[in-house]
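As stored in query-v5.cif (mmCIF, C-alpha atoms and all ligand atoms):
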data_coords
loop_
_atom_site.label_atom_id
_atom_site.label_comp_id
_atom_site.auth_asym_id
_atom_site.auth_seq_id
_atom_site.Cartn_x
_atom_site.Cartn_y
_atom_site.Cartn_z
CA MET A 1 0.00 0.00 0.00
CA THR A 2 1.39 3.44 -0.96
CA ARG A 3 0.64 5.98 1.76
CA VAL A 4 0.01 9.38 0.21
CA GLY A 5 0.20 12.88 1.68
CA ILE A 6 -1.42 15.61 -0.45
CA ILE A 7 -0.14 19.18 -0.09
CA GLY A 8 -2.64 21.74 -1.38
CA VAL A 9 -6.36 21.01 -1.02
CA GLY A 10 -7.73 23.11 -3.87
CA PHE A 11 -9.34 21.96 -7.12
CA MET A 12 -6.54 19.55 -8.02
CA GLY A 13 -5.97 18.41 -4.44
CA MET A 14 -9.63 17.42 -4.29
CA VAL A 15 -9.47 15.66 -7.69
CA HIS A 16 -6.43 13.68 -6.51
CA TYR A 17 -8.00 12.90 -3.11
CA LEU A 18 -11.20 11.56 -4.71
CA THR A 19 -9.17 9.56 -7.22
CA TYR A 20 -7.04 7.87 -4.54
CA GLN A 21 -10.27 6.76 -2.80
CA LYS A 22 -10.96 4.57 -5.85
CA LEU A 23 -7.42 3.27 -6.35
CA VAL A 24 -6.45 -0.10 -4.98
CA GLY A 25 -2.90 0.09 -3.62
CA ALA A 26 -2.93 3.73 -2.51
CA GLU A 27 -4.33 5.44 0.55
CA VAL A 28 -4.37 9.13 1.52
CA VAL A 29 -3.03 9.29 5.07
CA ALA A 30 -2.27 13.01 5.31
CA LEU A 31 -3.46 16.35 3.92
CA CYS A 32 -1.94 19.80 4.15
CA ASP A 33 -3.38 23.21 3.39
CA CYS A 34 -2.79 26.65 4.88
CA ASP A 35 -6.59 27.11 4.91
CA THR A 36 -7.82 25.44 8.13
CA LYS A 37 -11.42 25.26 6.82
CA LYS A 38 -10.24 22.71 4.24
CA LEU A 39 -8.51 20.69 6.98
CA GLU A 40 -11.76 20.62 8.96
CA GLY A 41 -13.43 19.04 5.92
CA ASP A 42 -15.25 22.04 4.50
CA TRP A 43 -14.49 21.67 0.78
CA THR A 44 -17.68 23.41 -0.33
CA GLY A 45 -15.74 26.39 -1.68
CA ILE A 46 -13.68 24.24 -4.06
CA GLN A 47 -14.69 24.58 -7.69
CA GLY A 48 -13.18 23.47 -10.97
CA ASN A 49 -14.15 22.95 -14.58
CA PHE A 50 -14.82 19.21 -14.20
CA GLY A 51 -15.43 16.63 -11.51
CA PRO A 52 -17.94 16.83 -8.66
CA PRO A 53 -18.46 20.02 -6.62
CA GLY A 54 -16.72 20.30 -3.25
CA GLU A 55 -18.62 18.86 -0.27
CA HIS A 56 -18.23 18.44 3.48
CA MET A 57 -15.69 15.64 3.91
CA ASP A 58 -15.06 13.23 6.77
CA LEU A 59 -11.30 13.56 7.33
CA SER A 60 -11.26 11.75 10.70
CA LYS A 61 -8.91 9.03 9.35
CA VAL A 62 -6.47 11.52 7.82
CA THR A 63 -3.73 13.45 9.63
CA THR A 64 -3.99 17.13 8.73
CA TYR A 65 -1.22 19.73 8.64
CA GLU A 66 -1.16 23.48 8.10
CA SER A 67 2.49 23.40 7.14
CA ALA A 68 4.02 21.50 4.22
CA ASP A 69 7.19 20.87 6.26
CA ASP A 70 5.16 19.05 8.94
CA LEU A 71 3.49 16.75 6.38
CA ILE A 72 6.86 16.07 4.78
CA ALA A 73 8.21 15.02 8.19
CA ASP A 74 5.35 12.52 8.73
CA PRO A 75 6.97 9.04 8.77
CA ASN A 76 3.66 7.47 7.63
CA VAL A 77 3.85 9.20 4.25
CA ASP A 78 5.60 7.40 1.35
CA LEU A 79 4.51 9.64 -1.51
CA VAL A 80 4.09 13.41 -1.31
CA ASP A 81 1.54 14.60 -3.89
CA ILE A 82 1.97 18.33 -4.55
CA THR A 83 -1.14 20.15 -5.76
CA LEU A 84 -0.02 23.64 -4.78
CA PRO A 85 0.07 26.70 -7.04
CA PRO A 86 2.98 26.41 -9.52
CA ALA A 87 5.43 28.80 -7.82
CA ALA A 88 5.45 26.55 -4.72
CA HIS A 89 6.20 23.30 -6.57
CA SER A 90 10.00 23.33 -6.66
CA GLY A 91 10.66 24.30 -3.02
CA VAL A 92 8.20 21.78 -1.57
CA ALA A 93 9.31 19.00 -3.96
CA ILE A 94 12.98 19.51 -3.11
CA ALA A 95 12.20 19.49 0.64
CA ALA A 96 10.12 16.30 0.31
CA LEU A 97 12.76 14.49 -1.76
CA GLY A 98 15.41 15.61 0.75
CA SER A 99 13.33 13.91 3.48
CA GLY A 100 13.33 10.65 1.57
CA LYS A 101 9.80 10.87 0.13
CA HIS A 102 8.78 10.00 -3.39
CA VAL A 103 7.10 12.97 -5.09
CA PHE A 104 4.26 13.35 -7.53
CA CYS A 105 3.88 17.01 -8.51
CA GLU A 106 1.15 18.63 -10.61
CA LYS A 107 2.09 20.40 -13.83
CA PRO A 108 3.78 22.74 -14.59
CA MET A 109 6.86 21.16 -13.04
CA ALA A 110 8.20 24.59 -11.99
CA MET A 111 8.33 28.19 -13.15
CA THR A 112 11.86 27.98 -14.59
CA VAL A 113 14.10 25.38 -16.20
CA GLY A 114 16.64 26.03 -13.42
CA ASP A 115 14.09 25.04 -10.76
CA CYS A 116 13.19 21.91 -12.77
CA ASP A 117 16.85 20.95 -12.88
CA ARG A 118 17.19 21.48 -9.12
CA MET A 119 14.16 19.23 -8.52
CA ALA A 120 15.58 16.49 -10.75
CA ALA A 121 18.97 16.77 -9.01
CA ALA A 122 17.28 16.42 -5.60
CA ALA A 123 15.49 13.26 -6.78
CA LYS A 124 18.73 11.78 -8.09
CA GLN A 125 20.60 12.68 -4.90
CA ALA A 126 17.89 11.08 -2.71
CA SER A 127 17.33 8.09 -5.05
CA ARG A 128 13.62 8.83 -4.95
CA LYS A 129 11.00 8.99 -7.70
CA LEU A 130 9.97 12.40 -8.96
CA MET A 131 6.95 12.31 -11.28
CA ILE A 132 5.12 15.24 -12.85
CA GLY A 133 1.38 15.15 -13.37
CA HIS A 134 0.91 15.76 -17.07
CA VAL A 135 -2.53 14.26 -17.49
CA LEU A 136 -2.96 14.89 -21.24
CA PRO A 137 -1.41 11.54 -22.33
CA PHE A 138 -4.00 9.84 -20.08
CA LEU A 139 -6.99 11.60 -21.68
CA PRO A 140 -8.52 9.05 -24.05
CA GLU A 141 -7.98 11.02 -27.28
CA TYR A 142 -4.32 11.76 -26.55
CA ALA A 143 -3.74 8.25 -25.13
CA TRP A 144 -5.15 6.85 -28.39
CA ALA A 145 -2.89 9.10 -30.49
CA LEU A 146 0.14 8.12 -28.43
CA ARG A 147 -0.68 4.42 -28.79
CA GLU A 148 -1.02 4.78 -32.57
CA ILE A 149 2.28 6.69 -32.80
CA ARG A 150 4.16 4.28 -30.54
CA SER A 151 2.77 1.19 -32.25
CA GLY A 152 4.79 2.09 -35.36
CA ALA A 153 1.96 0.57 -37.43
CA HIS A 154 1.53 3.78 -39.46
CA GLY A 155 5.20 4.76 -39.73
CA ARG A 156 6.98 7.65 -38.04
CA PRO A 157 5.41 11.00 -37.05
CA ILE A 158 6.19 13.50 -39.82
CA GLY A 159 4.41 16.58 -38.52
CA GLY A 160 1.22 17.95 -37.13
CA SER A 161 -0.63 20.77 -35.48
CA PHE A 162 -2.03 21.23 -32.00
CA LYS A 163 -4.47 23.75 -30.50
CA ARG A 164 -5.44 24.77 -26.99
CA VAL A 165 -7.34 28.05 -26.61
CA ILE A 166 -9.59 29.61 -23.97
CA SER A 167 -11.10 32.96 -23.14
CA ASP A 168 -9.42 34.86 -20.32
CA PRO A 169 -9.95 32.78 -17.14
CA ALA A 170 -10.74 35.84 -15.05
CA TRP A 171 -11.71 33.65 -12.06
CA LEU A 172 -8.17 32.22 -11.66
CA GLU A 173 -6.03 34.00 -9.09
CA ASN A 174 -2.62 35.38 -10.14
CA TYR A 175 -3.07 33.99 -13.66
CA TRP A 176 -1.21 36.87 -15.33
CA ASP A 177 1.53 36.97 -12.69
CA ALA A 178 4.82 35.83 -14.22
CA THR A 179 6.23 34.63 -10.90
CA ALA A 180 3.09 32.95 -9.48
CA VAL A 181 1.37 31.15 -12.39
CA GLY A 182 2.98 32.31 -15.64
CA GLY A 183 -0.15 32.91 -17.72
CA PRO A 184 -1.49 30.56 -20.40
CA LEU A 185 1.95 29.43 -21.58
CA LEU A 186 2.83 27.62 -18.32
CA ASP A 187 -0.71 26.94 -17.15
CA LEU A 188 -2.39 25.77 -20.35
CA HIS A 189 -0.05 25.32 -23.28
CA VAL A 190 2.50 23.36 -21.21
CA HIS A 191 0.18 20.35 -21.74
CA ASP A 192 0.78 20.49 -25.52
CA ALA A 193 4.49 21.29 -25.12
CA HIS A 194 4.78 18.10 -23.05
CA PHE A 195 2.73 16.00 -25.48
CA ILE A 196 4.69 17.27 -28.50
CA ARG A 197 7.96 16.49 -26.67
CA LEU A 198 6.63 13.01 -25.94
CA ALA A 199 5.46 12.33 -29.51
CA PHE A 200 8.03 14.18 -31.61
CA GLY A 201 11.06 14.73 -29.34
CA MET A 202 12.76 18.01 -28.47
CA PRO A 203 12.47 20.60 -31.27
CA LYS A 204 15.68 22.03 -32.71
CA THR A 205 14.15 25.39 -33.65
CA VAL A 206 11.23 27.32 -32.22
CA ALA A 207 9.63 30.40 -33.78
CA SER A 208 6.58 32.19 -32.35
CA ARG A 209 4.35 35.11 -33.26
CA GLY A 210 1.49 36.40 -31.21
CA SER A 211 0.22 38.82 -28.60
CA GLN A 212 1.39 39.47 -25.07
CA ARG A 213 -0.08 40.72 -21.82
CA ASN A 214 1.69 41.77 -18.61
CA GLY A 215 4.98 40.71 -20.23
CA LEU A 216 3.63 37.18 -20.77
CA PRO A 217 2.64 35.42 -24.01
CA GLU A 218 -1.12 35.82 -24.38
CA HIS A 219 -2.08 34.11 -27.65
CA TRP A 220 0.44 32.74 -30.13
CA HIS A 221 1.28 30.47 -33.03
CA SER A 222 4.56 28.58 -32.79
CA LEU A 223 6.43 26.51 -35.33
CA PHE A 224 8.78 23.76 -34.13
CA GLY A 225 11.53 22.44 -36.43
CA TYR A 226 13.32 19.11 -36.05
CA ASP A 227 16.52 17.48 -37.35
CA LYS A 228 14.71 16.40 -40.49
CA PRO A 229 13.74 19.69 -42.16
CA GLU A 230 10.52 18.26 -43.55
CA VAL A 231 9.23 17.53 -40.03
CA THR A 232 7.45 20.56 -38.55
CA VAL A 233 4.89 20.91 -35.79
CA GLN A 234 2.65 23.94 -35.49
CA VAL A 235 0.89 24.85 -32.27
CA THR A 236 -1.68 27.52 -31.42
CA GLY A 237 -2.23 28.34 -27.80
CA GLY A 238 -3.25 30.88 -25.23
CA THR A 239 -6.17 33.06 -24.33
CA ILE A 240 -8.18 35.28 -26.64
CA ARG A 241 -9.61 38.72 -25.83
CA GLN A 242 -13.17 37.67 -26.37
CA ALA A 243 -15.32 35.97 -23.77
CA GLY A 244 -17.00 33.39 -26.00
CA ARG A 245 -14.41 30.62 -26.17
CA PRO A 246 -14.75 28.56 -22.96
CA PHE A 247 -12.30 25.84 -24.11
CA LEU A 248 -10.96 24.26 -27.27
CA HIS A 249 -8.30 21.63 -27.82
CA GLY A 250 -7.36 19.28 -30.61
CA PHE A 251 -4.73 18.00 -33.00
CA GLU A 252 -3.94 16.78 -36.47
CA ILE A 253 -1.02 14.35 -36.34
CA HIS A 254 0.63 13.21 -39.56
CA LEU A 255 2.24 9.78 -39.59
CA GLU A 256 3.84 8.30 -42.70
CA ARG A 257 0.77 6.18 -43.44
CA ALA A 258 -2.05 7.71 -41.40
CA THR A 259 -3.43 11.00 -40.13
CA LEU A 260 -4.99 11.30 -36.68
CA VAL A 261 -7.50 14.11 -36.20
CA PHE A 262 -9.53 15.30 -33.23
CA GLU A 263 -11.04 18.54 -31.91
CA PHE A 264 -13.15 19.12 -28.80
CA ALA A 265 -14.73 22.31 -27.52
CA VAL A 266 -16.93 23.51 -24.72
CA ILE A 267 -19.75 25.45 -26.38
CA LYS A 268 -22.24 27.72 -24.65
CA ASN A 269 -25.83 26.89 -25.57
CA ALA A 270 -28.51 29.55 -26.08
CA ASP A 271 -29.92 28.76 -22.60
CA GLY A 272 -26.49 29.60 -21.05
CA SER A 273 -25.50 26.00 -20.27
CA ASP A 274 -22.06 24.72 -21.25
CA GLU A 275 -21.76 21.62 -23.37
CA GLY A 276 -18.57 19.72 -24.24
CA ARG A 277 -18.71 18.28 -27.74
CA TYR A 278 -16.48 16.96 -30.49
CA LEU A 279 -16.07 19.38 -33.38
CA CYS A 280 -14.18 16.48 -34.95
CA PRO A 281 -14.38 13.07 -33.23
CA PRO A 282 -11.12 11.13 -32.89
CA THR A 283 -10.59 9.78 -36.39
CA LEU A 284 -7.86 7.88 -38.20
CA LEU A 285 -7.53 8.62 -41.91
CA ASN A 286 -5.77 5.83 -43.76
CA PRO A 287 -3.60 6.37 -46.89
CA GLN A 288 -6.69 5.96 -49.08
CA GLY A 289 -8.40 8.69 -47.04
CA VAL A 290 -10.89 6.28 -45.51
CA ALA A 291 -11.96 7.66 -42.13
CA GLN A 292 -12.15 5.30 -39.17
CA GLN A 293 -13.82 6.90 -36.15
CA VAL A 294 -12.57 5.64 -32.80
CA GLU A 295 -14.77 5.10 -29.70
CA MET A 296 -13.44 6.80 -26.57
CA GLY A 297 -15.73 5.90 -23.68
CA ASP A 298 -17.66 8.38 -21.55
CA GLY A 299 -15.04 11.17 -21.72
CA ASP A 300 -15.11 11.92 -17.96
CA PRO A 301 -11.72 13.60 -17.25
CA MET A 302 -11.76 11.99 -13.77
CA ASN A 303 -10.93 8.67 -15.51
CA ALA A 304 -7.71 10.19 -16.84
CA PHE A 305 -6.66 11.10 -13.29
CA TYR A 306 -7.47 7.56 -12.18
CA ALA A 307 -5.14 6.23 -14.88
CA GLU A 308 -2.47 8.84 -14.13
CA LEU A 309 -2.37 8.36 -10.34
CA GLY A 310 -2.69 4.59 -10.75
CA HIS A 311 0.41 4.72 -12.93
CA ALA A 312 2.23 6.93 -10.38
CA THR A 313 1.42 4.47 -7.59
CA GLN A 314 2.80 1.60 -9.64
CA VAL A 315 6.02 3.57 -10.22
CA VAL A 316 6.44 4.06 -6.47
CA GLN A 317 5.81 0.34 -5.96
CA GLY A 318 8.52 -0.45 -8.51
CA VAL A 319 6.25 -2.22 -11.01
CA ALA A 320 6.12 0.49 -13.71
CA GLU A 321 8.45 3.01 -15.30
CA PRO A 322 7.53 6.72 -15.06
CA ASP A 323 7.22 6.99 -18.89
CA MET A 324 4.96 10.01 -19.56
CA LEU A 325 5.24 11.07 -15.90
CA ALA A 326 9.06 11.30 -16.15
CA CYS A 327 10.45 14.55 -14.80
CA ASP A 328 12.89 15.02 -17.71
CA LEU A 329 9.97 15.26 -20.16
CA ALA A 330 8.20 17.78 -17.93
CA ARG A 331 11.42 19.74 -17.63
CA ASP A 332 11.74 19.82 -21.43
CA ALA A 333 8.15 21.08 -21.67
CA ILE A 334 9.17 24.08 -19.55
CA GLU A 335 12.22 24.56 -21.78
CA ILE A 336 10.01 24.48 -24.91
CA CYS A 337 7.71 27.09 -23.32
CA ARG A 338 10.74 29.26 -22.55
CA LEU A 339 11.97 29.01 -26.16
CA GLN A 340 8.50 29.97 -27.40
CA ALA A 341 8.42 33.01 -25.11
CA ASP A 342 11.98 34.00 -26.09
CA SER A 343 10.99 33.90 -29.76
CA LEU A 344 7.79 35.84 -29.15
CA PHE A 345 9.66 38.56 -27.25
CA ALA A 346 12.77 38.62 -29.49
CA PRO A 347 13.62 42.19 -30.58
CA ASP A 348 13.56 41.15 -34.27
CA ASN A 349 10.01 39.78 -33.89
CA PRO A 350 7.73 42.26 -35.71
CA ALA A 351 5.04 41.60 -33.10
CA THR A 352 7.27 42.74 -30.23
N1 LIG B 401 -3.82 18.59 -14.69
C1 LIG B 401 -4.82 19.45 -14.79
O1 LIG B 401 -5.70 19.32 -15.63
C2 LIG B 401 -4.86 20.61 -13.83
C3 LIG B 401 -6.05 21.34 -13.68
C4 LIG B 401 -6.05 22.38 -12.74
C5 LIG B 401 -4.91 22.69 -12.03
N2 LIG B 401 -3.75 21.96 -12.24
C6 LIG B 401 -2.52 22.29 -11.51
O2 LIG B 401 -2.69 21.93 -10.13
C7 LIG B 401 -1.99 22.86 -9.28
C8 LIG B 401 -2.97 23.44 -8.28
O3 LIG B 401 -4.00 24.11 -8.97
P1 LIG B 401 -5.45 24.29 -8.32
O4 LIG B 401 -6.33 24.79 -9.41
O5 LIG B 401 -5.83 23.10 -7.56
O6 LIG B 401 -5.13 25.50 -7.29
P2 LIG B 401 -6.04 25.98 -6.07
O7 LIG B 401 -5.73 27.42 -5.89
O8 LIG B 401 -7.47 25.57 -6.28
O9 LIG B 401 -5.48 25.15 -4.84
C9 LIG B 401 -4.25 25.39 -4.23
C10 LIG B 401 -4.39 25.07 -2.74
O10 LIG B 401 -3.09 25.20 -2.14
C11 LIG B 401 -3.23 25.86 -0.89
N3 LIG B 401 -1.94 26.49 -0.60
C12 LIG B 401 -1.34 27.50 -1.28
N4 LIG B 401 -0.11 27.73 -0.78
C13 LIG B 401 0.05 26.85 0.24
C14 LIG B 401 1.11 26.58 1.14
N5 LIG B 401 2.26 27.29 1.08
N6 LIG B 401 0.96 25.61 2.05
C15 LIG B 401 -0.20 24.90 2.13
N7 LIG B 401 -1.23 25.10 1.29
C16 LIG B 401 -1.11 26.07 0.37
C17 LIG B 401 -4.37 26.84 -1.10
O11 LIG B 401 -4.98 27.22 0.14
C18 LIG B 401 -5.31 26.03 -1.99
O12 LIG B 401 -6.24 25.28 -1.20
C19 LIG B 401 -1.37 23.89 -10.24
O13 LIG B 401 -0.05 23.55 -10.49
C20 LIG B 401 -2.21 23.79 -11.51
O14 LIG B 401 -1.49 24.12 -12.69
C21 LIG B 401 -3.73 20.91 -13.10
#
Can the structure from this file be put into structure tokens for me?
Ligand SMILES: NC(=O)c1ccc[n+]([C@@H]2O[C@H](COP(=O)([O-])OP(=O)(O)OC[C@H]3O[C@@H](n4cnc5c(N)ncnc54)[C@H](O)[C@@H]3O)[C@@H](O)[C@H]2O)c1
Amino acid sequence: MTRVGIIGVGFMGMVHYLTYQKLVGAEVVALCDCDTKKLEGDWTGIQGNFGPPGEHMDLSKVTTYESADDLIADPNVDLVDITLPPAAHSGVAIAALGSGKHVFCEKPMAMTVGDCDRMAAAAKQASRKLMIGHVLPFLPEYAWALREIRSGAHGRPIGGSFKRVISDPAWLENYWDATAVGGPLLDLHVHDAHFIRLAFGMPKTVASRGSQRNGLPEHWHSLFGYDKPEVTVQVTGGTIRQAGRPFLHGFEIHLERATLVFEFAVIKNADGSDEGRYLCPPTLLNPQGVAQQVEMGDGDPMNAFYAELGHATQVVQGVAEPDMLACDLARDAIEICRLQADSLFAPDNPAT
């Protein structure tokens, strides 16, 4: 049994807590938050864009801490699960690894590549696992694409395009603060940067054009070049200055003998309700152009967290490799984001 301590009982902390309740082989033994209401079990104020609403919880079997250091010192905890705001990830992860704990940390790994490297060094020094929670490869559409790519059945990936766009998430605290969250590049687009790194490897060249806000990339188009000049990946990401785009993501992935396409959006209906729907269902186009639509199950994002945290637990138990949870991939995703921002802000960029 892997004994888990979660630090940060917000939207993600709650999603992780509820997920561990369903996982065989993992048990939440400790929780930490600086908000004592959460530690008393009042999670009614927690809200996110999926999953159940926060409720009153019975935490009588869980040890609660106001300070991350105290949870880290708890000898009953094997795995520290960090669901804190991004700027707090590196310090808490390094402290937990230094105390001999395994660490699972939500994306983005950290605010800077330097902090990512310090986290990875701490894991190596302590001989402990450090995994980063990039859930996208566990979402059914991306998991399907990754399986098709890795199977080799359709040849190598030769290019593609990815999209992830929202309206300004005005309800998120510190979103446009470069030191606290890092705007849509580190909060939102980092998912695609990680998936592209996983599927295509590290790009050799990165060029971006787009808008900026508060000194942060706001909405952009980036082009990634690889060793083979014919392989290019294009990605569109960020927030738009118009309130009517709740969420959109998708891809078109070109393999030598197949194309994988998918696009999903949350659309506001005339009665004001939000509805998630495929603009293009996950589809494989074969070399003759015949479209094969692929069934994906019920699409509940909570299932992706079940798969992700189940995988993390198996890594801690020594029966699985980190694979898509590996910290070096997550570190490279931050590096890709940095290269995109550097290009966007370069003095020779006409948009600057
Ligand atoms: N994988 C995904 O799809 C996904 C979705 C949402 C958020 N996230 C990530 O999860 C992380 C947390 O995001 P969230 O939306 O849950 O944030 P949140 O603001 O809802 O929750 C953060 C919690 O941490 C607590 N906290 C802050 N500083 C603390 C400290 N020093 N000590 C103890 N507690 C402290 C806050 O009181 C709050 O309860 C972020 O890195 C975010 O990018 C991932």
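Straight-line separation from CA of Arg118 in chain A to CA of Thr83 in chain A: 18.7 Å.
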Hey, can you pull every residue with an atom no more than 12 Å from (-1.4, 19.0, -33.7), using all atoms listed in the file, and send it as a compact mmCIF listing (two decimals) with C-alpha atoms, keeping the file's coordinate frame?
# COMPACT_ATOMS: atom_id res chain seq x y z
CA TYR A 142 -4.32 11.76 -26.55
CA ALA A 145 -2.89 9.10 -30.49
CA PRO A 157 5.41 11.00 -37.05
CA ILE A 158 6.19 13.50 -39.82
CA GLY A 159 4.41 16.58 -38.52
CA GLY A 160 1.22 17.95 -37.13
CA SER A 161 -0.63 20.77 -35.48
CA PHE A 162 -2.03 21.23 -32.00
CA LYS A 163 -4.47 23.75 -30.50
CA ARG A 164 -5.44 24.77 -26.99
CA ASP A 192 0.78 20.49 -25.52
CA ALA A 193 4.49 21.29 -25.12
CA PHE A 195 2.73 16.00 -25.48
CA ILE A 196 4.69 17.27 -28.50
CA ARG A 197 7.96 16.49 -26.67
CA ALA A 199 5.46 12.33 -29.51
CA PHE A 200 8.03 14.18 -31.61
CA HIS A 221 1.28 30.47 -33.03
CA SER A 222 4.56 28.58 -32.79
CA LEU A 223 6.43 26.51 -35.33
CA PHE A 224 8.78 23.76 -34.13
CA THR A 232 7.45 20.56 -38.55
CA VAL A 233 4.89 20.91 -35.79
CA GLN A 234 2.65 23.94 -35.49
CA VAL A 235 0.89 24.85 -32.27
CA THR A 236 -1.68 27.52 -31.42
CA GLY A 237 -2.23 28.34 -27.80
CA HIS A 249 -8.30 21.63 -27.82
CA GLY A 250 -7.36 19.28 -30.61
CA PHE A 251 -4.73 18.00 -33.00
CA GLU A 252 -3.94 16.78 -36.47
CA ILE A 253 -1.02 14.35 -36.34
CA HIS A 254 0.63 13.21 -39.56
CA LEU A 255 2.24 9.78 -39.59
CA THR A 259 -3.43 11.00 -40.13
CA LEU A 260 -4.99 11.30 -36.68
CA VAL A 261 -7.50 14.11 -36.20
CA PHE A 262 -9.53 15.30 -33.23
CA GLU A 263 -11.04 18.54 -31.91
Shell around range 95-103 of chain A at 7 Å using only C-alpha atoms, local window under 5 positions removed, as a PyMOL selection string: chain A and resi 72+78-81+122-123+126+128-131
Taking 3 positions as the minimum chain separation for residues in the same chain, which residues sit within 8 Å of range 343-352 of chain A when counting all atoms listed in the file? Answer as a list in words.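 What passes the distance filter is Val206, Ala207, Ser208, Arg209, Gly210, Ser211, Pro217, Leu339 and Gln340 of chain A.
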Neighbours of ligand LIG 401 (chain B) within 9 Å, counting all atoms listed in the file, as a compact mmCIF listing (two decimals) with C-alpha atoms, in the coordinates of the input?
# COMPACT_ATOMS: atom_id res chain seq x y z
CA ILE A 7 -0.14 19.18 -0.09
CA GLY A 8 -2.64 21.74 -1.38
CA VAL A 9 -6.36 21.01 -1.02
CA GLY A 10 -7.73 23.11 -3.87
CA PHE A 11 -9.34 21.96 -7.12
CA MET A 12 -6.54 19.55 -8.02
CA GLY A 13 -5.97 18.41 -4.44
CA MET A 14 -9.63 17.42 -4.29
CA VAL A 15 -9.47 15.66 -7.69
CA CYS A 32 -1.94 19.80 4.15
CA ASP A 33 -3.38 23.21 3.39
CA CYS A 34 -2.79 26.65 4.88
CA ASP A 35 -6.59 27.11 4.91
CA THR A 36 -7.82 25.44 8.13
CA LYS A 38 -10.24 22.71 4.24
CA ILE A 46 -13.68 24.24 -4.06
CA GLN A 47 -14.69 24.58 -7.69
CA GLY A 48 -13.18 23.47 -10.97
CA ASN A 49 -14.15 22.95 -14.58
CA TYR A 65 -1.22 19.73 8.64
CA GLU A 66 -1.16 23.48 8.10
CA SER A 67 2.49 23.40 7.14
CA ALA A 68 4.02 21.50 4.22
CA ASP A 69 7.19 20.87 6.26
CA ILE A 82 1.97 18.33 -4.55
CA THR A 83 -1.14 20.15 -5.76
CA LEU A 84 -0.02 23.64 -4.78
CA PRO A 85 0.07 26.70 -7.04
CA PRO A 86 2.98 26.41 -9.52
CA ALA A 87 5.43 28.80 -7.82
CA ALA A 88 5.45 26.55 -4.72
CA HIS A 89 6.20 23.30 -6.57
CA VAL A 92 8.20 21.78 -1.57
CA CYS A 105 3.88 17.01 -8.51
CA GLU A 106 1.15 18.63 -10.61
CA LYS A 107 2.09 20.40 -13.83
CA PRO A 108 3.78 22.74 -14.59
CA MET A 109 6.86 21.16 -13.04
CA ALA A 110 8.20 24.59 -11.99
CA GLY A 133 1.38 15.15 -13.37
CA HIS A 134 0.91 15.76 -17.07
CA VAL A 135 -2.53 14.26 -17.49
CA LEU A 136 -2.96 14.89 -21.24
CA LEU A 172 -8.17 32.22 -11.66
CA GLU A 173 -6.03 34.00 -9.09
CA VAL A 181 1.37 31.15 -12.39
CA LEU A 186 2.83 27.62 -18.32
CA ASP A 187 -0.71 26.94 -17.15
CA LEU A 188 -2.39 25.77 -20.35
CA HIS A 191 0.18 20.35 -21.74
CA PRO A 301 -11.72 13.60 -17.25
CA PHE A 305 -6.66 11.10 -13.29
Find the residues around Gly238 in chain A up to 7 Å (all atoms listed in the file counted), leave out those fewer than 4 positions away in its own chain, and share them as a ChimeraX atom specification. /A:164-166,184-185,189,218-220
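Minimum distance to Ala304 in chain A across A:Gln288, A:Thr112, A:Thr19, A:Thr2 (counting only C-alpha atoms) occurs at A:Thr19.
CA of Leu329 in chain A to CA of Val113 in chain A spans 11.6 Å [interatomic distance, one decimal].
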What does the distance between CA of Pro287 in chain A and CA of Glu230 in chain A come to in Å, to one decimal place?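 Separation between CA of Pro287 in chain A and CA of Glu230 in chain A: 18.8 Å.
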Please return range 274-282 of chain A, rebuilt to N, CA and C atoms, as an mmCIF file, keeping the file's coordinate frame.
data_model
loop_
_atom_site.group_PDB
_atom_site.id
_atom_site.type_symbol
_atom_site.label_atom_id
_atom_site.label_comp_id
_atom_site.auth_asym_id
_atom_site.auth_seq_id
_atom_site.Cartn_x
_atom_site.Cartn_y
_atom_site.Cartn_z
ATOM 1 N N ASP A 274 -23.279 25.116 -20.521
ATOM 2 C CA ASP A 274 -22.060 24.720 -21.250
ATOM 3 C C ASP A 274 -22.175 23.267 -21.680
ATOM 4 N N GLU A 275 -21.701 22.993 -22.875
ATOM 5 C CA GLU A 275 -21.760 21.620 -23.370
ATOM 6 C C GLU A 275 -20.426 21.278 -24.047
ATOM 7 N N GLY A 276 -19.795 20.179 -23.589
ATOM 8 C CA GLY A 276 -18.570 19.720 -24.240
ATOM 9 C C GLY A 276 -18.942 18.840 -25.419
ATOM 10 N N ARG A 277 -18.384 19.140 -26.599
ATOM 11 C CA ARG A 277 -18.710 18.280 -27.740
ATOM 12 C C ARG A 277 -17.544 18.211 -28.724
ATOM 13 N N TYR A 278 -17.485 17.099 -29.440
ATOM 14 C CA TYR A 278 -16.480 16.960 -30.490
ATOM 15 C C TYR A 278 -16.835 17.838 -31.673
ATOM 16 N N LEU A 279 -15.907 18.702 -32.095
ATOM 17 C CA LEU A 279 -16.070 19.380 -33.380
ATOM 18 C C LEU A 279 -15.597 18.417 -34.475
ATOM 19 N N CYS A 280 -14.623 17.572 -34.086
ATOM 20 C CA CYS A 280 -14.180 16.480 -34.950
ATOM 21 C C CYS A 280 -13.882 15.290 -34.043
ATOM 22 N N PRO A 281 -14.653 14.213 -34.113
ATOM 23 C CA PRO A 281 -14.380 13.070 -33.230
ATOM 24 C C PRO A 281 -13.028 12.448 -33.579
ATOM 25 N N PRO A 282 -12.405 11.770 -32.605
ATOM 26 C CA PRO A 282 -11.120 11.130 -32.890
ATOM 27 C C PRO A 282 -11.243 10.202 -34.100
#
